[in-house]
Amino acid sequence: MSILINKDTRLIVQGITGRDGSFHAAKMKEYGTNVVGGTSPGKGGQEVDGIPVFNTVREAVEATKANTSIIFVPAPFAKDAMLEAADAGIKLIICITEGIPVVDAVIAQRYIQVKGAHLIGPNCPGLISPELSMVGIMPSNIFKKGHTGVISRSGTLTYEVVDNLTKAGMGQSTAIGVGGDPVVGLYFEDLLQMFQDDPDTDSIALIGEIGGDAEEHAAAYIKKHITKPVVAFIDGRTAPPGKQMGHAGAIISSSSGSAADKIAAFEAAGVPVAMESCEIPGLLKKLMGKA
Amino acid sequence: MKVHEYQAKEFFAHYGLPVDSPILCRTVDECVDAYHRLGSGRVVVKAQVHTGGRGKAGGVKLAASEEEVRKVASDILGMTIKGYVVDRVLVTEAVNIDKEYYVSILIDRKSKSPLMMLSRAGGMDIEQVAKETPEKIEKIVIDPLIGMADFQARAAAYKLFDDKAVVKQAIPLFKNLYRLFMEKDASLAEINPLVLTKEGQLKAIDAKMTFDNNALYRHPDVAELNEPTEDEKKELYAKSKGFSYVNLGGNIGCMVNGAGLAMATMDMIKLYGGNPANFLDIGGSSNPEKIVDAMNLLMSDQHVKVILINIFGGITRCDDVAKGLLEAFKSIKTDMPIVIRLTGTNAEEGRRLLQNSHFIVATTMADAGHKAVEAMNNL
């Protein structure tokens, strides 16, 4: 088991003929993900790495029974790509694209929600259920099948954490990068609950960062609803206020977003907070009585 | 991106919001001239700077005669507010204030929607109001697929006003503010205070707007108003190279791929007793040209004495990254200690390639952090 993606995932790649789209379509296919098609307006009928290309998502869904989509189209067109996927009945939409206007994400997110589908991202590395399916751009070789769920606002830091987990003998059930923008789809609380309900997940690593107050809400949620061991890490403790640290959402405002507030919230909820990413496996093992 | 009050008021006016007709002035004489042109007897002179708290800092003053205008204008022009030098002021007609209110629209992360905030406690620091008397702030979540419905604008108006004639003025005002917010990709549109004059008119006597940087490509009229500070200029230069850069003032320069890992790297340096000089995310690929650009950026900071390069190989193979680094450093002349940590595919090969160079090669992130702090302490 895993959450959101598995062997039943039938993936289409929106923007498959672009540089990133074609590169990662091939990587995902190589990993074993069931990549059933791709879209690129005007290029319907072509193939990319043996994957059929369609003009529209609707055509792709009709021909391939796709249920999941990953989006690589440039930021100005990403909102439309998300709307198109939801309209065509895709149930899980992963948007990798960075630099999308917040208003576009707000509108697309809401439409996807109304359609009863899920969004991950934008500005995210995607997700992976090791040995089952990868829908994203992560380096698959560092992941290992196992029982720790990983939820993160970051990309490369997720790889760093996963690398540490794998080296410590802790594989992953599913690892998800939720995206670094102020407004994204599935977030901490949704995913914590999914991991709580997944029989194959026995522990959870949550990687938050400065900006917003989602970690504070997550801490309260864990205290109330999550019985599995959770360890948190908060990135950006030394970030100055008012500065955007790479991710559009990573900014401390005068009223919220500081690392100190987030760490305090987790500690108040009884969730251990790692001071360095490499401490996460040890803290998890300790919680699970394995250390 | 921030804009000045007078610029925000121009957007307000375009969207039919009730604003005064302020006059922008850069000299004391221009202020005096504006005073006479307004002909209202009483004016307010307001500093135009990209920061809040202007009033508290003495940057907003009333004047009721030519002499007073001359006096307050010469006080305000040239003063420094939170590091910003005042080089222009607005001269605006003073209105007869009966009551002050607060109205804003922003994007709420929690509801993932535009949120209207309203308060009868206008004219005050809204963050303080939110902290001390949160019950005085009303919030209305707006469905972005529908926009601000009439019933919501009406509900908002009744939350602030008791008089039906004022409610009638407020409804289109709120709807126009929402339209402006969405159409211009604002991240904040705030009126504080929105005043009710003694004559019964609603007027936005202040206006604050910030805009989404990611949407500037479709709003050239907003983008052209950008006035970056010296720090921001360097950040913009970095952005033009495909980097994200923020100066932190320390002495260990950092070059990292990925924003999350870059933050974790600077936090780690601090945790180990060092002082990170910067946040620098060089993005996904790491070709030699990019490394050269990033090194030049780091070395342009006089405080940097040691450099820490932390690359998580990911899809790019580490031996390729190492070759890129060696290639890049053929054209970079520096005696600075450079600590490099590479991990990912072919990490050992990558490290071996770097072993005989003058780099200090680290195996893990923690190892790199310790080596960088130690190199700094040995200088």
# chains A, B, ... in the order shown; residues from 1 in each chain; ligands from 1
call {"tool": "select_by_dssp", "arguments": {"residues": "region 31-258 of chain A", "states": "strand (DSSP E or B)", "output": "compact mmCIF listing (two decimals) with C-alpha atoms, in the first residue's frame"}}
result
# COMPACT_ATOMS: atom_id res chain seq x y z
CA VAL A 35 2.71 6.40 -18.41
CA VAL A 36 -0.20 5.92 -20.81
CA GLY A 37 -0.08 9.14 -22.79
CA GLY A 38 0.81 12.77 -23.09
CA THR A 39 -0.65 15.98 -24.44
CA GLU A 47 4.90 9.62 -29.99
CA VAL A 48 7.48 10.51 -27.34
CA ILE A 51 4.14 7.21 -25.45
CA PRO A 52 1.20 8.41 -27.59
CA VAL A 53 0.64 12.17 -27.75
CA PHE A 54 -2.84 13.75 -27.88
CA THR A 68 -3.59 10.95 -13.06
CA SER A 69 -1.84 13.83 -14.79
CA ILE A 70 1.48 15.57 -14.35
CA ILE A 71 1.90 19.10 -15.71
CA LEU A 92 -5.12 13.44 -9.28
CA ILE A 93 -3.31 16.40 -10.85
CA ILE A 94 0.35 17.09 -10.10
CA CYS A 95 1.65 20.47 -11.21
CA HIS A 118 -6.93 16.35 -5.90
CA LEU A 119 -4.13 18.75 -6.76
CA ILE A 120 -0.48 18.45 -5.71
CA GLY A 126 5.78 15.44 -7.28
CA LEU A 127 5.45 12.20 -5.37
CA ILE A 128 6.74 8.66 -5.34
CA SER A 129 5.55 5.37 -3.88
CA SER A 133 4.94 4.47 -9.14
CA MET A 134 6.71 7.79 -9.47
CA VAL A 135 4.86 10.89 -10.62
CA GLY A 136 7.46 13.58 -10.35
CA LYS A 145 10.23 0.85 -0.41
CA GLY A 146 9.28 0.96 3.24
CA HIS A 147 6.92 2.38 5.83
CA THR A 148 7.76 6.02 6.49
CA GLY A 149 5.55 8.64 4.90
CA VAL A 150 7.31 11.88 3.91
CA ILE A 151 5.53 15.23 3.45
CA SER A 152 7.62 18.23 2.47
CA GLN A 172 9.26 5.12 2.40
CA SER A 173 5.62 4.25 1.75
CA THR A 174 5.06 7.46 -0.19
CA ALA A 175 7.08 10.68 -0.30
CA ILE A 176 5.36 13.88 -1.42
CA GLY A 177 6.57 17.38 -2.12
CA SER A 203 5.71 6.73 10.80
CA ILE A 204 5.72 10.18 9.25
CA ALA A 205 8.39 12.82 8.58
CA LEU A 206 7.02 16.33 8.07
CA ILE A 207 9.31 18.93 6.54
CA GLY A 208 7.98 22.44 6.90
CA GLU A 209 9.53 25.81 6.35
CA VAL A 230 5.63 12.04 13.59
CA VAL A 231 8.90 13.97 13.51
CA ALA A 232 9.05 17.50 12.12
CA PHE A 233 11.79 19.67 10.68
CA ILE A 234 11.48 23.41 10.05
CA ASP A 235 13.63 24.96 7.37
call {"tool": "interface_residues", "arguments": {"of": "chain B", "to": "chain A", "cutoff": "9 Å", "atoms": "only C-alpha atoms", "output": "VMD selection string"}}
result
chain B and resid 107 to 110 112 to 114 127 131 143 to 145 182 185 to 187 212 to 218 243 to 246 248 257 to 264 266 to 268 270 to 271 276 279 to 281 312 to 316 343 to 345 365 to 366
call {"tool": "write_last_selection", "arguments": {"atoms": "C-alpha atoms", "output": "PDB file, in the first residue's frame"}}
result
ATOM      1  CA  ILE B 107      -4.885  35.746  -0.405  1.00  0.00           C
ATOM      2  CA  ASP B 108      -5.521  33.528   2.591  1.00  0.00           C
ATOM      3  CA  ARG B 109      -3.280  30.467   2.586  1.00  0.00           C
ATOM      4  CA  LYS B 110      -5.568  28.456   4.842  1.00  0.00           C
ATOM      5  CA  LYS B 112      -6.707  29.064  -0.435  1.00  0.00           C
ATOM      6  CA  SER B 113      -8.995  31.925  -1.420  1.00  0.00           C
ATOM      7  CA  PRO B 114      -9.183  35.697  -1.517  1.00  0.00           C
ATOM      8  CA  GLU B 127      -1.741  43.605  13.140  1.00  0.00           C
ATOM      9  CA  LYS B 131      -3.403  40.387  18.133  1.00  0.00           C
ATOM     10  CA  ASP B 143     -14.995  31.919  -3.786  1.00  0.00           C
ATOM     11  CA  PRO B 144     -12.618  32.713  -6.652  1.00  0.00           C
ATOM     12  CA  LEU B 145     -14.853  30.925  -9.161  1.00  0.00           C
ATOM     13  CA  MET B 182      -7.914  39.962  -8.932  1.00  0.00           C
ATOM     14  CA  ASP B 185      -2.791  40.083  -9.459  1.00  0.00           C
ATOM     15  CA  ALA B 186      -2.371  41.931  -6.192  1.00  0.00           C
ATOM     16  CA  SER B 187      -1.228  40.145  -3.065  1.00  0.00           C
ATOM     17  CA  ASP B 212       2.511  39.094  -6.987  1.00  0.00           C
ATOM     18  CA  ASN B 213       6.003  38.971  -8.514  1.00  0.00           C
ATOM     19  CA  ASN B 214       5.062  35.846 -10.474  1.00  0.00           C
ATOM     20  CA  ALA B 215       2.330  37.760 -12.307  1.00  0.00           C
ATOM     21  CA  LEU B 216       4.313  40.860 -13.284  1.00  0.00           C
ATOM     22  CA  TYR B 217       4.862  39.425 -16.763  1.00  0.00           C
ATOM     23  CA  ARG B 218       1.211  40.162 -17.571  1.00  0.00           C
ATOM     24  CA  PHE B 243      19.366  32.138  -9.039  1.00  0.00           C
ATOM     25  CA  SER B 244      17.610  33.069  -5.833  1.00  0.00           C
ATOM     26  CA  TYR B 245      19.853  35.149  -3.589  1.00  0.00           C
ATOM     27  CA  VAL B 246      19.381  36.820  -0.214  1.00  0.00           C
ATOM     28  CA  LEU B 248      22.437  37.452   5.389  1.00  0.00           C
ATOM     29  CA  ASN B 257      20.923  23.599  -5.517  1.00  0.00           C
ATOM     30  CA  GLY B 258      17.342  23.966  -4.347  1.00  0.00           C
ATOM     31  CA  ALA B 259      15.723  26.524  -2.043  1.00  0.00           C
ATOM     32  CA  GLY B 260      14.878  24.093   0.754  1.00  0.00           C
ATOM     33  CA  LEU B 261      18.379  22.668   0.887  1.00  0.00           C
ATOM     34  CA  ALA B 262      19.831  26.187   0.695  1.00  0.00           C
ATOM     35  CA  MET B 263      17.850  27.245   3.765  1.00  0.00           C
ATOM     36  CA  ALA B 264      18.831  24.050   5.585  1.00  0.00           C
ATOM     37  CA  MET B 266      22.446  28.264   6.239  1.00  0.00           C
ATOM     38  CA  ASP B 267      20.560  27.026   9.322  1.00  0.00           C
ATOM     39  CA  MET B 268      23.175  24.302   9.781  1.00  0.00           C
ATOM     40  CA  LYS B 270      24.448  28.866  12.274  1.00  0.00           C
ATOM     41  CA  LEU B 271      23.781  25.763  14.389  1.00  0.00           C
ATOM     42  CA  PRO B 276      26.083  32.245   6.818  1.00  0.00           C
ATOM     43  CA  PHE B 279      21.022  32.194   0.847  1.00  0.00           C
ATOM     44  CA  LEU B 280      21.809  31.133  -2.716  1.00  0.00           C
ATOM     45  CA  ASP B 281      19.791  28.631  -4.703  1.00  0.00           C
ATOM     46  CA  PHE B 312      22.478  17.201  -4.085  1.00  0.00           C
ATOM     47  CA  GLY B 313      23.158  15.475  -7.396  1.00  0.00           C
ATOM     48  CA  GLY B 314      19.625  14.306  -8.026  1.00  0.00           C
ATOM     49  CA  ILE B 315      19.140  13.578 -11.678  1.00  0.00           C
ATOM     50  CA  THR B 316      22.382  15.248 -12.678  1.00  0.00           C
ATOM     51  CA  THR B 343      25.901  13.560  -3.057  1.00  0.00           C
ATOM     52  CA  GLY B 344      23.602  11.587  -5.336  1.00  0.00           C
ATOM     53  CA  THR B 345      24.305   9.375  -8.315  1.00  0.00           C
ATOM     54  CA  MET B 365      26.086  17.796   4.682  1.00  0.00           C
ATOM     55  CA  ALA B 366      26.991  17.841   8.382  1.00  0.00           C
TER      56      ALA B 366
END
call {"tool": "residues_around", "arguments": {"residues": "Ala328 (chain B)", "least_positions_apart": "6", "cutoff": "8 Å", "atoms": "only C-alpha atoms", "output": "short mmCIF file (atom, residue, chain, number, x, y, z; two decimals) with C-alpha atoms, in the first residue's frame"}}
result
data_model
loop_
_atom_site.label_atom_id
_atom_site.label_comp_id
_atom_site.auth_asym_id
_atom_site.auth_seq_id
_atom_site.Cartn_x
_atom_site.Cartn_y
_atom_site.Cartn_z
CA PRO B 288 30.27 25.38 -15.44
CA GLU B 289 28.92 28.73 -16.62
CA ILE B 291 29.03 27.92 -11.20
CA VAL B 292 31.19 30.80 -12.47
#
call {"tool": "residues_around", "arguments": {"residues": "region 369-377 of chain B", "least_positions_apart": "2", "cutoff": "10 Å", "atoms": "only C-alpha atoms", "output": "MDAnalysis selection string"}}
result
chainID B and resid 251:254 265:276 304:310 336:341 360:362 364:367 379
call {"tool": "select_by_dssp", "arguments": {"residues": "region 25-263 of chain A", "states": "helix (DSSP H, G or I)", "output": "VMD selection string"}}
result
chain A and resid 25 to 31 57 to 64 75 to 87 102 to 114 140 to 142 156 to 167 188 to 197 214 to 225 259 to 263
call {"tool": "residues_around", "arguments": {"residues": "region 31-48 of chain B", "least_positions_apart": "2", "cutoff": "8 Å", "atoms": "only C-alpha atoms", "output": "MDAnalysis selection string"}}
result
chainID B and resid 4:6 23 25:29 50 54 59:66 69:70 72:73 76:77 86:94
call {"tool": "write_last_selection", "arguments": {"atoms": "C-alpha atoms", "output": "mmCIF file, in the first residue's frame"}}
result
data_model
loop_
_atom_site.group_PDB
_atom_site.id
_atom_site.type_symbol
_atom_site.label_atom_id
_atom_site.label_comp_id
_atom_site.auth_asym_id
_atom_site.auth_seq_id
_atom_site.Cartn_x
_atom_site.Cartn_y
_atom_site.Cartn_z
ATOM 1 C CA HIS B 4 3.757 53.827 -3.223
ATOM 2 C CA GLU B 5 0.482 55.187 -1.884
ATOM 3 C CA TYR B 6 0.109 57.613 -4.790
ATOM 4 C CA ILE B 23 -0.456 65.952 -5.769
ATOM 5 C CA CYS B 25 5.801 66.688 -4.879
ATOM 6 C CA ARG B 26 9.574 66.320 -4.713
ATOM 7 C CA THR B 27 10.517 69.713 -3.319
ATOM 8 C CA VAL B 28 9.254 72.129 -0.678
ATOM 9 C CA ASP B 29 8.332 74.658 -3.369
ATOM 10 C CA HIS B 50 7.913 51.483 0.827
ATOM 11 C CA ARG B 54 4.883 56.491 8.407
ATOM 12 C CA GLY B 59 6.127 61.228 8.062
ATOM 13 C CA VAL B 60 2.473 62.334 7.889
ATOM 14 C CA LYS B 61 1.585 65.869 8.998
ATOM 15 C CA LEU B 62 -1.273 68.312 8.801
ATOM 16 C CA ALA B 63 -0.635 71.882 7.597
ATOM 17 C CA ALA B 64 -3.071 74.812 7.542
ATOM 18 C CA SER B 65 -1.031 77.617 6.053
ATOM 19 C CA GLU B 66 1.736 78.210 3.522
ATOM 20 C CA VAL B 69 3.329 73.522 4.585
ATOM 21 C CA ARG B 70 6.853 74.845 4.108
ATOM 22 C CA VAL B 72 6.372 70.174 7.517
ATOM 23 C CA ALA B 73 7.471 69.574 3.908
ATOM 24 C CA ILE B 76 9.531 65.254 5.923
ATOM 25 C CA LEU B 77 11.481 65.500 2.662
ATOM 26 C CA VAL B 86 11.905 60.199 1.754
ATOM 27 C CA ASP B 87 12.420 61.724 -1.691
ATOM 28 C CA ARG B 88 8.788 62.547 -2.454
ATOM 29 C CA VAL B 89 5.617 63.424 -0.617
ATOM 30 C CA LEU B 90 1.923 63.595 -1.347
ATOM 31 C CA VAL B 91 0.059 66.781 -0.641
ATOM 32 C CA THR B 92 -3.605 66.097 -0.239
ATOM 33 C CA GLU B 93 -6.719 67.888 0.887
ATOM 34 C CA ALA B 94 -7.529 67.273 4.554
#
call {"tool": "decode", "arguments": {"residues": "region 203-279 of chain B", "atoms": "C-alpha atoms", "output": "compact mmCIF listing (two decimals), in the first residue's frame"}}
result
# COMPACT_ATOMS: atom_id res chain seq x y z
CA LYS B 203 -13.22 58.07 1.03
CA ALA B 204 -10.03 56.02 0.84
CA ILE B 205 -7.56 58.46 2.36
CA ASP B 206 -4.79 55.87 2.34
CA ALA B 207 -4.12 53.08 -0.16
CA LYS B 208 -1.69 50.23 0.03
CA MET B 209 -1.06 47.61 -2.63
CA THR B 210 1.50 44.90 -3.12
CA PHE B 211 1.67 42.71 -6.19
CA ASP B 212 2.51 39.09 -6.99
CA ASN B 213 6.00 38.97 -8.51
CA ASN B 214 5.06 35.85 -10.47
CA ALA B 215 2.33 37.76 -12.31
CA LEU B 216 4.31 40.86 -13.28
CA TYR B 217 4.86 39.43 -16.76
CA ARG B 218 1.21 40.16 -17.57
CA HIS B 219 1.08 43.60 -15.93
CA PRO B 220 3.69 45.86 -17.49
CA ASP B 221 1.88 48.86 -15.95
CA VAL B 222 2.63 47.43 -12.49
CA ALA B 223 6.11 46.11 -13.28
CA GLU B 224 7.33 49.54 -14.40
CA LEU B 225 6.64 50.93 -10.92
CA ASN B 226 9.27 48.71 -9.31
CA GLU B 227 11.88 50.63 -7.30
CA PRO B 228 14.30 48.02 -5.97
CA THR B 229 16.51 48.84 -2.99
CA GLU B 230 20.26 48.19 -3.22
CA ASP B 231 19.76 44.74 -1.69
CA GLU B 232 16.91 44.01 -4.05
CA LYS B 233 19.03 45.05 -7.05
CA LYS B 234 21.50 42.31 -6.23
CA GLU B 235 18.63 39.86 -5.77
CA LEU B 236 17.22 40.88 -9.16
CA TYR B 237 20.63 40.46 -10.79
CA ALA B 238 20.82 36.96 -9.28
CA LYS B 239 17.34 36.25 -10.59
CA SER B 240 18.39 37.25 -14.11
CA LYS B 241 21.02 34.49 -13.85
CA GLY B 242 18.42 31.95 -12.75
CA PHE B 243 19.37 32.14 -9.04
CA SER B 244 17.61 33.07 -5.83
CA TYR B 245 19.85 35.15 -3.59
CA VAL B 246 19.38 36.82 -0.21
CA ASN B 247 22.20 38.45 1.73
CA LEU B 248 22.44 37.45 5.39
CA GLY B 249 25.48 39.45 6.44
CA GLY B 250 27.76 36.61 7.60
CA ASN B 251 31.10 35.35 6.26
CA ILE B 252 30.48 31.81 5.00
CA GLY B 253 29.18 32.04 1.45
CA CYS B 254 26.78 29.27 0.42
CA MET B 255 26.01 27.85 -3.01
CA VAL B 256 23.30 25.21 -3.02
CA ASN B 257 20.92 23.60 -5.52
CA GLY B 258 17.34 23.97 -4.35
CA ALA B 259 15.72 26.52 -2.04
CA GLY B 260 14.88 24.09 0.75
CA LEU B 261 18.38 22.67 0.89
CA ALA B 262 19.83 26.19 0.69
CA MET B 263 17.85 27.24 3.76
CA ALA B 264 18.83 24.05 5.59
CA THR B 265 22.49 24.77 4.75
CA MET B 266 22.45 28.26 6.24
CA ASP B 267 20.56 27.03 9.32
CA MET B 268 23.18 24.30 9.78
CA ILE B 269 26.08 26.77 9.57
CA LYS B 270 24.45 28.87 12.27
CA LEU B 271 23.78 25.76 14.39
CA TYR B 272 27.50 24.88 14.19
CA GLY B 273 28.50 28.33 15.40
CA GLY B 274 29.25 29.91 12.03
CA ASN B 275 27.64 32.84 10.23
CA PRO B 276 26.08 32.25 6.82
CA ALA B 277 26.73 35.09 4.37
CA ASN B 278 23.79 34.36 2.15
CA PHE B 279 21.02 32.19 0.85
